[in-house]
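Okay, structure.cif is below, mmCIF, C-alpha atoms:
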```cif
data_model
#
loop_
_atom_site.label_atom_id
_atom_site.label_comp_id
_atom_site.auth_asym_id
_atom_site.auth_seq_id
_atom_site.Cartn_x
_atom_site.Cartn_y
_atom_site.Cartn_z
CA MET W 78 -19.90 -22.13 9.90
CA ALA W 79 -17.90 -19.26 8.46
CA SER W 80 -18.98 -15.83 9.75
CA TYR W 81 -19.46 -14.47 6.22
CA SER W 82 -22.16 -16.97 5.26
CA ALA W 83 -24.88 -14.34 5.00
CA GLU W 84 -22.82 -12.42 2.47
CA LYS W 85 -21.74 -15.43 0.42
CA ASP W 86 -23.62 -14.45 -2.73
CA ALA W 87 -22.44 -10.86 -2.59
CA TYR W 88 -18.84 -12.06 -2.14
CA LEU W 89 -19.07 -14.50 -5.03
CA LYS W 90 -20.48 -11.78 -7.25
CA ARG W 91 -17.59 -9.47 -6.41
CA LEU W 92 -15.01 -12.16 -7.06
CA ARG W 93 -16.60 -13.00 -10.40
CA ARG W 94 -16.33 -9.33 -11.32
CA VAL W 95 -12.62 -9.37 -10.43
CA GLU W 96 -12.21 -12.54 -12.49
CA GLY W 97 -13.77 -10.63 -15.40
CA GLN W 98 -11.28 -7.80 -14.88
CA ILE W 99 -8.37 -10.24 -14.97
CA ARG W 100 -9.68 -11.78 -18.17
CA GLY W 101 -10.08 -8.27 -19.59
CA LEU W 102 -6.40 -7.67 -18.79
CA GLN W 103 -5.44 -10.78 -20.76
CA ARG W 104 -7.38 -9.48 -23.74
CA MET W 105 -5.64 -6.11 -23.45
CA ILE W 106 -2.23 -7.79 -23.52
CA GLU W 107 -3.24 -9.97 -26.49
CA GLU W 108 -4.41 -6.88 -28.39
CA ASP W 109 -1.20 -4.94 -27.56
CA LYS W 110 -3.13 -2.27 -25.71
CA TYR W 111 -1.25 0.72 -24.33
CA CYS W 112 0.70 0.00 -21.08
CA ILE W 113 -0.81 2.88 -19.18
CA ASP W 114 -4.35 1.68 -19.90
CA ILE W 115 -3.39 -1.80 -18.71
CA LEU W 116 -1.91 -0.35 -15.51
CA THR W 117 -5.13 1.58 -14.86
CA GLN W 118 -7.08 -1.66 -15.19
CA VAL W 119 -4.69 -3.49 -12.82
CA SER W 120 -5.17 -0.74 -10.22
CA ALA W 121 -8.94 -1.17 -10.50
CA ALA W 122 -8.68 -4.94 -9.94
CA THR W 123 -6.32 -4.44 -6.99
CA LYS W 124 -8.69 -1.92 -5.41
CA ALA W 125 -11.60 -4.35 -5.84
CA LEU W 126 -9.62 -7.14 -4.12
CA GLN W 127 -8.65 -4.75 -1.34
CA ALA W 128 -12.26 -3.70 -0.74
CA PHE W 129 -13.24 -7.37 -0.68
CA SER W 130 -10.62 -8.18 1.99
CA LEU W 131 -11.56 -5.20 4.14
CA GLU W 132 -15.16 -6.34 4.21
CA LEU W 133 -14.27 -9.95 4.92
CA LEU W 134 -11.97 -8.83 7.72
CA ASP W 135 -14.65 -6.60 9.23
CA GLU W 136 -17.06 -9.53 9.37
CA HIS W 137 -14.35 -11.75 10.81
CA LEU W 138 -13.66 -9.28 13.63
CA ALA W 139 -17.38 -8.79 14.33
CA GLY W 140 -18.01 -12.54 14.16
CA CYS W 141 -15.18 -14.92 15.08
CA VAL W 142 -13.07 -12.53 17.13
CA VAL W 143 -15.94 -11.12 19.21
CA ASP W 144 -17.36 -14.64 19.73
CA ALA W 145 -13.99 -15.94 20.89
CA ALA W 146 -13.64 -13.02 23.31
CA ARG W 147 -17.10 -13.74 24.72
CA ALA W 148 -16.38 -17.46 25.07
CA GLY W 149 -13.45 -16.52 27.32
CA GLY W 150 -10.21 -18.47 27.64
CA LYS W 151 -7.11 -18.38 25.46
CA GLU W 152 -9.00 -18.55 22.16
CA ALA W 153 -9.49 -14.74 21.93
CA GLU W 154 -5.73 -14.25 22.04
CA VAL W 155 -5.20 -16.77 19.25
CA LYS W 156 -7.89 -15.10 17.11
CA VAL W 157 -6.48 -11.60 17.66
CA ARG W 158 -2.97 -12.74 16.78
CA GLU W 159 -4.28 -14.39 13.61
CA ALA W 160 -6.28 -11.30 12.63
CA SER W 161 -3.28 -9.02 13.27
CA ASN W 162 -1.11 -11.16 11.03
CA ALA W 163 -3.75 -11.04 8.28
CA ILE W 164 -3.98 -7.23 8.63
CA ALA W 165 -0.19 -6.93 8.38
CA ARG W 166 -0.23 -8.99 5.16
CA LEU W 167 -2.97 -6.75 3.74
CA VAL W 168 -1.16 -3.54 4.67
CA LYS W 169 2.06 -4.80 3.10
CA SER W 170 0.44 -6.17 -0.08
CA MET D 67 3.63 -1.72 -31.13
CA ALA D 68 3.39 -1.92 -27.37
CA SER D 69 6.75 -1.94 -25.62
CA TYR D 70 5.96 -5.17 -23.78
CA SER D 71 5.49 -7.28 -26.90
CA ALA D 72 8.54 -9.43 -26.22
CA GLU D 73 7.12 -10.40 -22.86
CA LYS D 74 3.56 -11.00 -24.02
CA ASP D 75 3.55 -14.74 -23.34
CA ALA D 76 5.10 -14.33 -19.91
CA TYR D 77 2.52 -11.66 -19.04
CA LEU D 78 -0.39 -13.78 -20.22
CA LYS D 79 0.88 -16.71 -18.18
CA ARG D 80 1.05 -14.57 -15.06
CA LEU D 81 -2.44 -13.19 -15.58
CA ARG D 82 -3.83 -16.69 -16.12
CA ARG D 83 -2.25 -17.69 -12.82
CA VAL D 84 -3.96 -14.72 -11.09
CA GLU D 85 -7.24 -15.72 -12.76
CA GLY D 86 -6.77 -19.18 -11.23
CA GLN D 87 -6.20 -17.60 -7.82
CA ILE D 88 -9.44 -15.61 -8.13
CA ARG D 89 -11.34 -18.76 -9.10
CA GLY D 90 -9.73 -20.53 -6.14
CA LEU D 91 -11.09 -17.74 -3.92
CA GLN D 92 -14.60 -18.33 -5.25
CA ARG D 93 -14.28 -22.03 -4.40
CA MET D 94 -13.10 -21.13 -0.90
CA ILE D 95 -16.16 -18.92 -0.35
CA GLU D 96 -18.48 -21.61 -1.72
CA GLU D 97 -16.96 -24.18 0.64
CA ASP D 98 -17.20 -21.82 3.66
CA LYS D 99 -13.46 -21.85 4.17
CA TYR D 100 -11.99 -19.98 7.10
CA CYS D 101 -11.81 -16.16 6.62
CA ILE D 102 -8.15 -15.92 7.51
CA ASP D 103 -7.21 -18.51 4.87
CA ILE D 104 -9.22 -16.56 2.30
CA LEU D 105 -7.49 -13.32 3.29
CA THR D 106 -4.09 -14.99 2.87
CA GLN D 107 -5.09 -16.03 -0.62
CA VAL D 108 -6.32 -12.51 -1.48
CA SER D 109 -2.95 -11.08 -0.35
CA ALA D 110 -1.18 -13.54 -2.64
CA ALA D 111 -3.32 -12.49 -5.64
CA THR D 112 -2.79 -8.79 -4.84
CA LYS D 113 0.96 -9.29 -4.61
CA ALA D 114 0.97 -11.10 -7.97
CA LEU D 115 -0.94 -8.22 -9.61
CA GLN D 116 1.44 -5.73 -8.02
CA ALA D 117 4.52 -7.55 -9.33
CA PHE D 118 2.89 -7.67 -12.76
CA SER D 119 2.32 -3.89 -12.79
CA LEU D 120 5.82 -3.11 -11.58
CA GLU D 121 7.29 -5.11 -14.45
CA LEU D 122 4.96 -3.58 -17.01
CA LEU D 123 5.81 -0.12 -15.73
CA ASP D 124 9.55 -0.82 -15.86
CA GLU D 125 9.26 -1.82 -19.52
CA HIS D 126 7.12 1.21 -20.22
CA LEU D 127 9.73 3.56 -18.75
CA ALA D 128 12.58 1.80 -20.57
CA GLY D 129 10.59 1.75 -23.81
CA CYS D 130 8.00 4.46 -24.43
CA VAL D 131 9.32 7.07 -22.02
CA VAL D 132 12.98 6.79 -23.07
CA ASP D 133 11.97 6.76 -26.76
CA ALA D 134 9.84 9.88 -26.32
CA ALA D 135 12.70 11.64 -24.54
CA ARG D 136 15.06 10.75 -27.40
CA ALA D 137 12.58 11.90 -30.04
CA GLY D 138 12.65 15.34 -28.40
CA GLY D 139 9.76 17.78 -28.28
CA LYS D 140 6.84 17.95 -25.86
CA GLU D 141 6.04 14.21 -26.04
CA ALA D 142 8.49 13.30 -23.26
CA GLU D 143 6.67 15.59 -20.86
CA VAL D 144 3.32 14.01 -21.72
CA LYS D 145 4.74 10.49 -21.23
CA VAL D 146 6.33 11.36 -17.88
CA ARG D 147 3.11 12.93 -16.61
CA GLU D 148 1.16 9.84 -17.68
CA ALA D 149 3.66 7.49 -16.04
CA SER D 150 3.64 9.54 -12.82
CA ASN D 151 -0.13 9.34 -12.66
CA ALA D 152 -0.01 5.58 -13.18
CA ILE D 153 2.61 5.25 -10.42
CA ALA D 154 0.44 7.30 -8.06
CA ARG D 155 -2.53 4.99 -8.74
CA LEU D 156 -0.33 1.95 -8.04
CA VAL D 157 1.05 3.40 -4.81
CA LYS D 158 -2.44 4.27 -3.59
CA SER D 159 -4.04 0.95 -4.60
CA MET O 129 22.61 19.73 -9.24
CA ALA O 130 19.62 17.75 -8.06
CA SER O 131 16.59 18.01 -10.34
CA TYR O 132 14.32 19.12 -7.50
CA SER O 133 16.29 22.28 -6.70
CA ALA O 134 13.52 24.62 -7.79
CA GLU O 135 11.14 22.99 -5.33
CA LYS O 136 13.58 22.83 -2.42
CA ASP O 137 11.70 25.25 -0.17
CA ALA O 138 8.35 23.62 -0.84
CA TYR O 139 9.85 20.19 -0.05
CA LEU O 140 11.45 21.41 3.17
CA LYS O 141 8.15 22.95 4.26
CA ARG O 142 6.32 19.66 3.66
CA LEU O 143 8.90 17.67 5.58
CA ARG O 144 8.77 20.11 8.49
CA ARG O 145 5.00 19.60 8.57
CA VAL O 146 5.50 15.80 8.69
CA GLU O 147 8.05 16.30 11.49
CA GLY O 148 5.37 18.25 13.36
CA GLN O 149 2.93 15.37 12.85
CA ILE O 150 5.44 12.88 14.27
CA ARG O 151 6.02 15.11 17.30
CA GLY O 152 2.25 15.37 17.68
CA LEU O 153 2.12 11.56 17.75
CA GLN O 154 4.66 11.49 20.57
CA ARG O 155 2.51 13.90 22.57
CA MET O 156 -0.55 11.72 21.94
CA ILE O 157 1.28 8.65 23.30
CA GLU O 158 2.54 10.60 26.32
CA GLU O 159 -0.99 11.77 27.07
CA ASP O 160 -2.45 8.24 26.67
CA LYS O 161 -4.67 9.33 23.82
CA TYR O 162 -7.08 6.80 22.30
CA CYS O 163 -5.42 4.26 19.94
CA ILE O 164 -7.79 4.92 17.07
CA ASP O 165 -7.05 8.66 17.11
CA ILE O 166 -3.34 7.89 17.07
CA LEU O 167 -3.80 5.52 14.11
CA THR O 168 -5.71 8.23 12.22
CA GLN O 169 -2.79 10.59 12.78
CA VAL O 170 -0.26 7.98 11.61
CA SER O 171 -2.27 7.48 8.41
CA ALA O 172 -2.18 11.24 7.79
CA ALA O 173 1.63 11.33 8.22
CA THR O 174 2.06 8.30 5.95
CA LYS O 175 -0.11 9.89 3.27
CA ALA O 176 1.93 13.11 3.47
CA LEU O 177 5.19 11.16 3.04
CA GLN O 178 3.68 9.26 0.13
CA ALA O 179 2.58 12.46 -1.63
CA PHE O 180 6.07 13.86 -1.07
CA SER O 181 7.72 10.82 -2.70
CA LEU O 182 5.36 10.83 -5.65
CA GLU O 183 6.23 14.43 -6.39
CA LEU O 184 9.94 13.87 -5.97
CA LEU O 185 9.75 10.85 -8.26
CA ASP O 186 7.81 12.79 -10.89
CA GLU O 187 10.52 15.46 -10.98
CA HIS O 188 13.19 12.80 -11.09
CA LEU O 189 11.60 11.15 -14.13
CA ALA O 190 11.07 14.51 -15.87
CA GLY O 191 14.61 15.63 -15.01
CA CYS O 192 17.33 13.00 -14.55
CA VAL O 193 15.70 10.17 -16.49
CA VAL O 194 14.68 12.26 -19.51
CA ASP O 195 18.11 13.97 -19.55
CA ALA O 196 19.89 10.61 -19.45
CA ALA O 197 17.71 9.33 -22.30
CA ARG O 198 18.56 12.41 -24.36
CA ALA O 199 22.28 12.12 -23.64
CA GLY O 200 22.14 8.63 -25.19
CA GLY O 201 24.32 5.70 -24.17
CA LYS O 202 23.88 3.20 -21.36
CA GLU O 203 23.06 5.84 -18.72
CA ALA O 204 19.30 5.88 -19.54
CA GLU O 205 19.10 2.17 -18.79
CA VAL O 206 20.81 2.64 -15.44
CA LYS O 207 18.48 5.51 -14.52
CA VAL O 208 15.34 3.58 -15.50
CA ARG O 209 16.44 0.54 -13.50
CA GLU O 210 17.12 2.76 -10.48
CA ALA O 211 13.75 4.53 -10.81
CA SER O 212 11.92 1.21 -11.18
CA ASN O 213 13.53 -0.09 -8.00
CA ALA O 214 12.54 3.07 -6.14
CA ILE O 215 8.96 2.73 -7.43
CA ALA O 216 8.84 -0.89 -6.26
CA ARG O 217 9.99 0.17 -2.79
CA LEU O 218 7.28 2.85 -2.70
CA VAL O 219 4.55 0.48 -3.85
CA LYS O 220 5.57 -2.10 -1.25
CA SER O 221 5.96 0.37 1.63
CA MET C 280 -6.21 4.02 30.51
CA ALA C 281 -5.06 3.41 26.97
CA SER C 282 -4.36 -0.24 26.22
CA TYR C 283 -0.83 0.48 25.02
CA SER C 284 0.37 1.92 28.34
CA ALA C 285 2.82 -0.89 28.99
CA GLU C 286 4.54 -0.18 25.69
CA LYS C 287 4.60 3.60 26.02
CA ASP C 288 8.38 3.93 26.24
CA ALA C 289 8.98 1.58 23.35
CA TYR C 290 6.46 3.51 21.22
CA LEU C 291 8.01 6.87 22.09
CA LYS C 292 11.44 5.55 21.19
CA ARG C 293 10.20 4.37 17.81
CA LEU C 294 8.51 7.68 17.06
CA ARG C 295 11.65 9.58 18.04
CA ARG C 296 13.58 7.44 15.59
CA VAL C 297 11.05 8.29 12.83
CA GLU C 298 11.38 11.98 13.78
CA GLY C 299 15.13 11.61 13.29
CA GLN C 300 14.54 10.05 9.87
CA ILE C 301 12.33 13.00 8.85
CA ARG C 302 14.99 15.45 10.01
CA GLY C 303 17.56 13.45 8.06
CA LEU C 304 15.36 13.86 4.98
CA GLN C 305 15.37 17.64 5.45
CA ARG C 306 19.17 17.61 5.60
CA MET C 307 19.29 15.53 2.41
CA ILE C 308 17.09 18.06 0.59
CA GLU C 309 19.19 20.98 1.90
CA GLU C 310 22.37 19.29 0.69
CA ASP C 311 20.86 18.51 -2.75
CA LYS C 312 21.26 14.78 -2.25
CA TYR C 313 20.31 12.44 -5.08
CA CYS C 314 16.53 11.89 -5.49
CA ILE C 315 16.76 8.13 -5.41
CA ASP C 316 18.62 8.16 -2.07
CA ILE C 317 15.97 10.47 -0.66
CA LEU C 318 13.20 8.15 -1.89
CA THR C 319 14.93 5.17 -0.23
CA GLN C 320 14.94 7.10 3.04
CA VAL C 321 11.26 8.03 2.69
CA SER C 322 10.39 4.35 2.17
CA ALA C 323 12.28 3.49 5.35
CA ALA C 324 10.35 6.11 7.36
CA THR C 325 7.04 4.95 5.89
CA LYS C 326 7.82 1.34 6.76
CA ALA C 327 8.69 2.35 10.33
CA LEU C 328 5.37 4.21 10.70
CA GLN C 329 3.52 1.23 9.24
CA ALA C 330 5.15 -1.20 11.69
CA PHE C 331 4.27 1.18 14.52
CA SER C 332 0.58 1.26 13.50
CA LEU C 333 0.37 -2.49 13.10
CA GLU C 334 1.64 -2.99 16.63
CA LEU C 335 -0.64 -0.34 18.07
CA LEU C 336 -3.58 -1.90 16.26
CA ASP C 337 -2.71 -5.38 17.53
CA GLU C 338 -2.72 -4.11 21.11
CA HIS C 339 -5.95 -2.27 20.50
CA LEU C 340 -7.66 -5.43 19.25
CA ALA C 341 -6.26 -7.52 22.11
CA GLY C 342 -7.18 -4.83 24.65
CA CYS C 343 -10.11 -2.54 23.91
CA VAL C 344 -11.92 -4.71 21.39
CA VAL C 345 -11.70 -7.95 23.39
CA ASP C 346 -12.69 -6.11 26.58
CA ALA C 347 -15.72 -4.55 24.88
CA ALA C 348 -16.76 -7.96 23.54
CA ARG C 349 -16.51 -9.44 27.04
CA ALA C 350 -18.46 -6.58 28.60
CA GLY C 351 -21.34 -7.46 26.26
CA GLY C 352 -23.83 -5.01 24.82
CA LYS C 353 -23.55 -2.77 21.77
CA GLU C 354 -20.06 -1.49 22.62
CA ALA C 355 -18.29 -4.40 20.86
CA GLU C 356 -19.99 -3.50 17.60
CA VAL C 357 -18.90 0.13 17.92
CA LYS C 358 -15.32 -0.91 18.64
CA VAL C 359 -15.17 -3.35 15.72
CA ARG C 360 -16.57 -0.73 13.32
CA GLU C 361 -13.99 1.79 14.55
CA ALA C 362 -11.14 -0.71 14.21
CA SER C 363 -12.28 -1.72 10.71
CA ASN C 364 -12.29 1.91 9.63
CA ALA C 365 -8.78 2.40 11.03
CA ILE C 366 -7.58 -0.74 9.20
CA ALA C 367 -9.10 0.55 5.93
CA ARG C 368 -7.24 3.84 6.36
CA LEU C 369 -3.98 1.96 6.98
CA VAL C 370 -4.45 -0.32 3.99
CA LYS C 371 -5.20 2.65 1.73
CA SER C 372 -2.38 4.87 3.03
#
```
Before anything else, please render the file you have as structure tokens.
Amino acid sequence: MASYSAEKDAYLKRLRRVEGQIRGLQRMIEEDKYCIDILTQVSAATKALQAFSLELLDEHLAGCVVDAARAGGKEAEVKVREASNAIARLVKS
Amino acid sequence: MASYSAEKDAYLKRLRRVEGQIRGLQRMIEEDKYCIDILTQVSAATKALQAFSLELLDEHLAGCVVDAARAGGKEAEVKVREASNAIARLVKS
Amino acid sequence: MASYSAEKDAYLKRLRRVEGQIRGLQRMIEEDKYCIDILTQVSAATKALQAFSLELLDEHLAGCVVDAARAGGKEAEVKVREASNAIARLVKS
Amino acid sequence: MASYSAEKDAYLKRLRRVEGQIRGLQRMIEEDKYCIDILTQVSAATKALQAFSLELLDEHLAGCVVDAARAGGKEAEVKVREASNAIARLVKS
């Protein structure tokens, strides 16, 4: 079971809001809205996605990574490596 | 007329692809997919939005900002200030 | 003459402050300071560098790019392309 | 003992290189170098700081966070919260 299960509804709600923002951007392009206003809207969607990932990552560390560490063995190392790679992708994106 | 009009179809296509990525993320949450795979997908959507803004901004500079500079007067200053603020939002998001 | 000449002293002062932050980081490592405190300090230095680039870029757009646009000819295109590439590097770094 | 002790020399070397980059930036400003070249150099320094933090964070997760999880008790929660906050600062900076 994924460690974010308790937050599933909240996550889905957030993603649906981002989907709405992306559809709003399509409407802005169709209606030839001003570039700067479109860019402001893109920044808002990007920030929403970023906040979503930071929360998901926090739960992953508190759940999967801590559990793997407690279980002992090599699994903790694998989980930390995986989390570090995901963090690097977030920081660079 | 917005300065990106020539690229309208290409922009819409890109945004529809991002919309598909966001819907894919909702499916991943619904199916309890692994956090790290979800995070990878979020990074991909963020990168796509970022590339979209950089292109829109490039056209805005080449179009509106250059035109305002050529027209003379205070308008160029206003456009540069506006563009700088948009760039700052992009860099920080 | 570079377009930031009027701000030279202010820029040098900011960079010297960042240099001080980087030296502070070296001291923290030497004294085995706690990772999280070091990371906080790195974020502060990164933010200072980012603010510095955004200001430099703003002056560049208001100076070189606007001047090139006014001078007419192909130069404006070259300057916009160059600025867009610099913005992309900033957004991705 | 900080969890990065084994890497201390490597970290110091990297930070000294960043310090050199910041001093190089000051020279560029003093010599009225072209804005775009200065911005390229700032991006390089920012990327170096970012890579440094990602490595430090990876060691922190593999060291302090995993150890706290193994020790049991509330400490793991505190460490994860702290790490998540540091990651958020990195992602936003």
TODO: Report the residues retrieved by the PyMOL selection byres ((chain D) within 7 of (chain W)) from the displayed file, expressed as an MDAnalysis selection string.
DONE: chainID D and resid 67:68 74 78 81 85 88 92 95 98:102 105:106 108:109 112:113 115 119 122 126 152 155:156 159
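Interatomic distance, atom CA of C:Asp337 to atom CA of C:Ala355: 16.0 Å.
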- [ ] Evaluate the PyMOL selection byres ((chain D and resi 134) around 10) and record the selected residues as an NGL selection string, following the chain and residue labels used in the document.
- [x] (:D and (127 or 129-133 or 135-146)) or (:O and (194 or 197-198))
Once chain D is superposed on chain C with a least-squares fit on all C-alpha pairs taken in order, can you show it as a PDB file with C-alpha atoms, in the coordinates of the input?
```pdb
ATOM      1  CA  MET D  67      -6.187   4.026  30.509  1.00  0.00           C
ATOM      2  CA  ALA D  68      -5.034   3.401  26.971  1.00  0.00           C
ATOM      3  CA  SER D  69      -4.346  -0.245  26.206  1.00  0.00           C
ATOM      4  CA  TYR D  70      -0.807   0.496  25.037  1.00  0.00           C
ATOM      5  CA  SER D  71       0.387   1.949  28.334  1.00  0.00           C
ATOM      6  CA  ALA D  72       2.830  -0.877  28.992  1.00  0.00           C
ATOM      7  CA  GLU D  73       4.546  -0.173  25.705  1.00  0.00           C
ATOM      8  CA  LYS D  74       4.595   3.606  26.011  1.00  0.00           C
ATOM      9  CA  ASP D  75       8.375   3.932  26.250  1.00  0.00           C
ATOM     10  CA  ALA D  76       8.969   1.582  23.342  1.00  0.00           C
ATOM     11  CA  TYR D  77       6.457   3.525  21.231  1.00  0.00           C
ATOM     12  CA  LEU D  78       8.008   6.876  22.081  1.00  0.00           C
ATOM     13  CA  LYS D  79      11.441   5.546  21.188  1.00  0.00           C
ATOM     14  CA  ARG D  80      10.200   4.379  17.806  1.00  0.00           C
ATOM     15  CA  LEU D  81       8.512   7.689  17.065  1.00  0.00           C
ATOM     16  CA  ARG D  82      11.655   9.600  18.034  1.00  0.00           C
ATOM     17  CA  ARG D  83      13.576   7.431  15.586  1.00  0.00           C
ATOM     18  CA  VAL D  84      11.054   8.295  12.824  1.00  0.00           C
ATOM     19  CA  GLU D  85      11.374  11.975  13.775  1.00  0.00           C
ATOM     20  CA  GLY D  86      15.135  11.603  13.276  1.00  0.00           C
ATOM     21  CA  GLN D  87      14.534  10.054   9.858  1.00  0.00           C
ATOM     22  CA  ILE D  88      12.329  12.996   8.842  1.00  0.00           C
ATOM     23  CA  ARG D  89      14.991  15.455   9.999  1.00  0.00           C
ATOM     24  CA  GLY D  90      17.567  13.435   8.059  1.00  0.00           C
ATOM     25  CA  LEU D  91      15.368  13.870   4.971  1.00  0.00           C
ATOM     26  CA  GLN D  92      15.367  17.640   5.447  1.00  0.00           C
ATOM     27  CA  ARG D  93      19.173  17.602   5.603  1.00  0.00           C
ATOM     28  CA  MET D  94      19.289  15.530   2.418  1.00  0.00           C
ATOM     29  CA  ILE D  95      17.107  18.070   0.591  1.00  0.00           C
ATOM     30  CA  GLU D  96      19.195  20.969   1.906  1.00  0.00           C
ATOM     31  CA  GLU D  97      22.381  19.277   0.693  1.00  0.00           C
ATOM     32  CA  ASP D  98      20.875  18.500  -2.753  1.00  0.00           C
ATOM     33  CA  LYS D  99      21.276  14.780  -2.256  1.00  0.00           C
ATOM     34  CA  TYR D 100      20.328  12.439  -5.060  1.00  0.00           C
ATOM     35  CA  CYS D 101      16.534  11.892  -5.461  1.00  0.00           C
ATOM     36  CA  ILE D 102      16.767   8.126  -5.404  1.00  0.00           C
ATOM     37  CA  ASP D 103      18.638   8.168  -2.079  1.00  0.00           C
ATOM     38  CA  ILE D 104      15.964  10.460  -0.650  1.00  0.00           C
ATOM     39  CA  LEU D 105      13.209   8.148  -1.891  1.00  0.00           C
ATOM     40  CA  THR D 106      14.927   5.182  -0.225  1.00  0.00           C
ATOM     41  CA  GLN D 107      14.960   7.096   3.031  1.00  0.00           C
ATOM     42  CA  VAL D 108      11.266   8.036   2.691  1.00  0.00           C
ATOM     43  CA  SER D 109      10.397   4.342   2.168  1.00  0.00           C
ATOM     44  CA  ALA D 110      12.287   3.485   5.350  1.00  0.00           C
ATOM     45  CA  ALA D 111      10.360   6.118   7.360  1.00  0.00           C
ATOM     46  CA  THR D 112       7.036   4.949   5.878  1.00  0.00           C
ATOM     47  CA  LYS D 113       7.817   1.344   6.751  1.00  0.00           C
ATOM     48  CA  ALA D 114       8.690   2.352  10.327  1.00  0.00           C
ATOM     49  CA  LEU D 115       5.367   4.212  10.692  1.00  0.00           C
ATOM     50  CA  GLN D 116       3.532   1.229   9.233  1.00  0.00           C
ATOM     51  CA  ALA D 117       5.143  -1.201  11.686  1.00  0.00           C
ATOM     52  CA  PHE D 118       4.265   1.189  14.505  1.00  0.00           C
ATOM     53  CA  SER D 119       0.578   1.265  13.497  1.00  0.00           C
ATOM     54  CA  LEU D 120       0.364  -2.491  13.087  1.00  0.00           C
ATOM     55  CA  GLU D 121       1.641  -2.981  16.626  1.00  0.00           C
ATOM     56  CA  LEU D 122      -0.647  -0.330  18.062  1.00  0.00           C
ATOM     57  CA  LEU D 123      -3.594  -1.889  16.269  1.00  0.00           C
ATOM     58  CA  ASP D 124      -2.714  -5.374  17.524  1.00  0.00           C
ATOM     59  CA  GLU D 125      -2.719  -4.109  21.113  1.00  0.00           C
ATOM     60  CA  HIS D 126      -5.957  -2.268  20.502  1.00  0.00           C
ATOM     61  CA  LEU D 127      -7.673  -5.426  19.249  1.00  0.00           C
ATOM     62  CA  ALA D 128      -6.267  -7.523  22.105  1.00  0.00           C
ATOM     63  CA  GLY D 129      -7.187  -4.839  24.637  1.00  0.00           C
ATOM     64  CA  CYS D 130     -10.125  -2.542  23.911  1.00  0.00           C
ATOM     65  CA  VAL D 131     -11.930  -4.711  21.381  1.00  0.00           C
ATOM     66  CA  VAL D 132     -11.699  -7.956  23.378  1.00  0.00           C
ATOM     67  CA  ASP D 133     -12.692  -6.114  26.581  1.00  0.00           C
ATOM     68  CA  ALA D 134     -15.720  -4.561  24.884  1.00  0.00           C
ATOM     69  CA  ALA D 135     -16.771  -7.958  23.543  1.00  0.00           C
ATOM     70  CA  ARG D 136     -16.505  -9.449  27.042  1.00  0.00           C
ATOM     71  CA  ALA D 137     -18.457  -6.586  28.603  1.00  0.00           C
ATOM     72  CA  GLY D 138     -21.342  -7.476  26.277  1.00  0.00           C
ATOM     73  CA  GLY D 139     -23.847  -5.028  24.842  1.00  0.00           C
ATOM     74  CA  LYS D 140     -23.569  -2.803  21.779  1.00  0.00           C
ATOM     75  CA  GLU D 141     -20.063  -1.515  22.620  1.00  0.00           C
ATOM     76  CA  ALA D 142     -18.308  -4.412  20.864  1.00  0.00           C
ATOM     77  CA  GLU D 143     -20.009  -3.512  17.606  1.00  0.00           C
ATOM     78  CA  VAL D 144     -18.924   0.120  17.915  1.00  0.00           C
ATOM     79  CA  LYS D 145     -15.314  -0.916  18.651  1.00  0.00           C
ATOM     80  CA  VAL D 146     -15.181  -3.345  15.720  1.00  0.00           C
ATOM     81  CA  ARG D 147     -16.571  -0.739  13.327  1.00  0.00           C
ATOM     82  CA  GLU D 148     -13.996   1.784  14.551  1.00  0.00           C
ATOM     83  CA  ALA D 149     -11.146  -0.711  14.214  1.00  0.00           C
ATOM     84  CA  SER D 150     -12.287  -1.707  10.711  1.00  0.00           C
ATOM     85  CA  ASN D 151     -12.294   1.914   9.632  1.00  0.00           C
ATOM     86  CA  ALA D 152      -8.798   2.398  11.034  1.00  0.00           C
ATOM     87  CA  ILE D 153      -7.596  -0.732   9.204  1.00  0.00           C
ATOM     88  CA  ALA D 154      -9.098   0.546   5.949  1.00  0.00           C
ATOM     89  CA  ARG D 155      -7.239   3.861   6.360  1.00  0.00           C
ATOM     90  CA  LEU D 156      -3.987   1.963   6.989  1.00  0.00           C
ATOM     91  CA  VAL D 157      -4.458  -0.308   3.979  1.00  0.00           C
ATOM     92  CA  LYS D 158      -5.203   2.659   1.728  1.00  0.00           C
ATOM     93  CA  SER D 159      -2.368   4.859   3.040  1.00  0.00           C
TER      94      SER D 159
END
```
Open item on the list: One decimal, in Å: what's the spacing between atom CA of D:Glu121 and atom CA of D:Ala76?
Closed with: 10.9 Å
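Interatomic distance, atom CA of C:Arg360 against atom CA of D:Ala154: 28.5 Å.
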